[in-house]
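A.B. asks: Below: one structure in structure tokens.
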Amino acid sequence: MTIQLLTVGKTDVKWVKEGLDLYTSRLRHYVTFSVVEIPELKKVSALTRQQIKEKEGELILRQTGPSDMLILLDEHGRECRSLEFAEFLEKQMASGAKNLIFTIGGAYGFSEAVYQRANWKISLSKMTFSHQMVRAIFAEQLYRAFTILKGEPYHHE
């Protein structure tokens with residue numbers, strides 16, 4: 001199984017990039033993990049929020065194959081504890097899922113087409129985080145989930 005974090009825009013905050021790189025390197029011990037950054041749209045001042053979401057949605061869907069499991073990191077998604085997230089990953093692995101794509105949308109969220117294509121929606125918190133911060137937070141939670149599944153002492157409960 002491969003896991004991909006698909007984001008809109010580059011990671012340009014230094015400490016976020018460092019955190020993301022740290023957990024990306026740690027994840028290599030458990031799974032094939034990559035981060036794919038979709039370039040931000042140019043000349044968006046002439047576009048409405050809806051048009052921006054639709055254009056970003058087209059770019060997201062181009063990165064998604066028909067058999068890929070698309071999981072949106074979305075404020076309206078299901079909240080789960082770290083143990084529950086680990087169980088979710090374990091179920092996906094057991095089901096034979098080949099490619100999980102966790103996706104962080106742009107500033108205005110996801111288009112309706114992306115919501116329709118999505119297999120799951122997960123919320124990292126009831127709080128709102130910057131799109132930059134979510135990258136590092138998600139990578140840490142993914143790493144935590146794999147340490148839980150392997151029975152390693154990283155997670156304390």
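Quick note on naming: the chains in the structure tokens go A, B, ... in the order shown, residues restart at 1 in each chain, and ligands are numbered from 1 in order of appearance.
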Do you know which residues are at most 10 Å from Glu56 (chain A) counting only C-alpha atoms, after dropping those on the same chain fewer than 5 positions away, and could you put them as a PyMOL selection string?
C.D. replies: chain A and resi 8+38-41+50-51+61-62+105-106+108-111+114
A.B. asks: Do a neighbour search on Ile71 (chain A) at 6 Å with only C-alpha atoms, toss out local chain neighbours closer than 3 positions, and write the hits as a count of residues only.
C.D. replies: 6
A.B. asks: Find the residues of region 33-75 of chain A that sit at most 12 Å from region 19-26 of chain A; for each, write down the nearest two atoms and how far apart they are in Å, to one decimal. Count only C-alpha atoms. Sort by chain, then by number going up, and give it as CSV.
C.D. replies:
```
residue,atom,partner,partner_atom,distance
A:Phe33,CA,A:Thr24,CA,6.9
A:Ser34,CA,A:Thr24,CA,7.5
A:Val35,CA,A:Thr24,CA,8.5
```
A.B. asks: For N, CA and C atoms, I'd like the residues from the last selection saved as an mmCIF file, in the first residue's frame.
C.D. replies:
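To be explicit, this is the file written out as out-v4.cif:
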```cif
data_model
loop_
_atom_site.group_PDB
_atom_site.id
_atom_site.type_symbol
_atom_site.label_atom_id
_atom_site.label_comp_id
_atom_site.auth_asym_id
_atom_site.auth_seq_id
_atom_site.Cartn_x
_atom_site.Cartn_y
_atom_site.Cartn_z
ATOM 1 N N PHE A 33 5.390 6.539 1.443
ATOM 2 C CA PHE A 33 4.654 7.779 1.691
ATOM 3 C C PHE A 33 5.269 8.903 0.866
ATOM 4 N N SER A 34 4.408 9.706 0.252
ATOM 5 C CA SER A 34 4.896 10.857 -0.505
ATOM 6 C C SER A 34 3.953 12.033 -0.322
ATOM 7 N N VAL A 35 4.498 13.201 -0.563
ATOM 8 C CA VAL A 35 3.715 14.438 -0.539
ATOM 9 C C VAL A 35 3.707 14.988 -1.958
#
```
A.B. asks: Smallest atom-to-atom distance to Ile3 (chain A): which of A:Arg78, A:Lys98, A:Lys17, A:Lys55, using only C-alpha atoms?
C.D. replies: A:Lys98
A.B. asks: Any idea what's packed within 8 Å of Lys126 (chain A), counting only C-alpha atoms, ignoring anything in its chain fewer than 3 positions away? Could you give it as an MDAnalysis selection string?
C.D. replies: chainID A and resid 75 79 123
A.B. asks: For the atom pair CA of Met93 (chain A) and CA of Met1 (chain A), what is the interatomic distance in Å to one decimal place?
C.D. replies: 6.8 Å
A.B. asks: When you draw a straight line from CA of Thr32 (chain A) to CA of Leu89 (chain A), how long is it in Å?
C.D. replies: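 Separation of CA of Thr32 (chain A) and CA of Leu89 (chain A): 13.5 Å.
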A.B. asks: Using only C-alpha atoms, which of A:Arg28, A:Gly9, A:Lys14, A:Ile60 sits nearest Glu112 (chain A)?
C.D. replies: A:Ile60
A.B. asks: So which bits of region 39-120 of chain A end up alpha helix (DSSP H) when you DSSP the backbone, as an mmCIF file with C-alpha atoms, in the first residue's frame?
C.D. replies:
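Result saved to out_34.cif:
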```
data_model
loop_
_atom_site.group_PDB
_atom_site.id
_atom_site.type_symbol
_atom_site.label_atom_id
_atom_site.label_comp_id
_atom_site.auth_asym_id
_atom_site.auth_seq_id
_atom_site.Cartn_x
_atom_site.Cartn_y
_atom_site.Cartn_z
ATOM 1 C CA ARG A 49 -14.480 31.413 -4.344
ATOM 2 C CA GLN A 50 -16.607 28.853 -6.148
ATOM 3 C CA GLN A 51 -14.526 29.118 -9.318
ATOM 4 C CA ILE A 52 -11.339 28.695 -7.291
ATOM 5 C CA LYS A 53 -12.734 25.583 -5.604
ATOM 6 C CA GLU A 54 -13.803 24.137 -8.947
ATOM 7 C CA LYS A 55 -10.422 24.760 -10.606
ATOM 8 C CA GLU A 56 -8.542 23.325 -7.618
ATOM 9 C CA GLY A 57 -10.977 20.409 -7.619
ATOM 10 C CA GLU A 58 -10.132 19.619 -11.238
ATOM 11 C CA LEU A 59 -6.435 19.540 -10.334
ATOM 12 C CA ILE A 60 -7.094 17.288 -7.340
ATOM 13 C CA LEU A 61 -9.172 14.869 -9.397
ATOM 14 C CA ARG A 62 -6.459 14.686 -12.081
ATOM 15 C CA SER A 82 -5.364 8.255 17.239
ATOM 16 C CA LEU A 83 -6.247 4.641 18.064
ATOM 17 C CA GLU A 84 -9.315 4.824 15.839
ATOM 18 C CA PHE A 85 -7.258 6.315 13.018
ATOM 19 C CA ALA A 86 -4.787 3.431 13.371
ATOM 20 C CA GLU A 87 -7.704 0.973 13.159
ATOM 21 C CA PHE A 88 -8.948 2.752 10.034
ATOM 22 C CA LEU A 89 -5.524 2.327 8.395
ATOM 23 C CA GLU A 90 -5.369 -1.313 9.451
ATOM 24 C CA LYS A 91 -8.766 -1.961 7.842
ATOM 25 C CA GLN A 92 -7.644 -0.293 4.620
ATOM 26 C CA MET A 93 -4.501 -2.441 4.517
ATOM 27 C CA ALA A 94 -6.505 -5.597 5.225
ATOM 28 C CA GLU A 112 -18.631 19.473 -4.988
ATOM 29 C CA ALA A 113 -16.993 17.161 -7.558
ATOM 30 C CA VAL A 114 -14.221 16.328 -5.069
ATOM 31 C CA TYR A 115 -16.771 15.680 -2.308
ATOM 32 C CA GLN A 116 -18.664 13.366 -4.666
ATOM 33 C CA ARG A 117 -15.490 11.427 -5.544
#
```
A.B. asks: Could you tell me, as a PyMOL selection string, which residues of chain A DSSP assigns to strand (DSSP E or B) when given the backbone?
C.D. replies: chain A and resi 2-8+32-38+69-79+99-104+106+109+120-123
A.B. asks: Point out the residue among A:Thr64, A:Thr103, A:Val13, A:Cys80 with the least atom-to-atom distance to Ala145 (chain A), counting only C-alpha atoms.
C.D. replies: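 Under the stated criterion, the closest residue is A:Cys80.
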A.B. asks: Which distance in Å separates CA of Ile104 (chain A) and CA of Thr2 (chain A), to one decimal?
C.D. replies: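 Between CA of Ile104 (chain A) and CA of Thr2 (chain A) the gap is 17.1 Å.
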A.B. asks: Give the answer as one residue: which of A:Leu100, A:Ile148, A:Leu47, A:Tyr30 has the shortest atom-to-atom distance to Leu72 (chain A), using only C-alpha atoms?
C.D. replies: A:Leu100
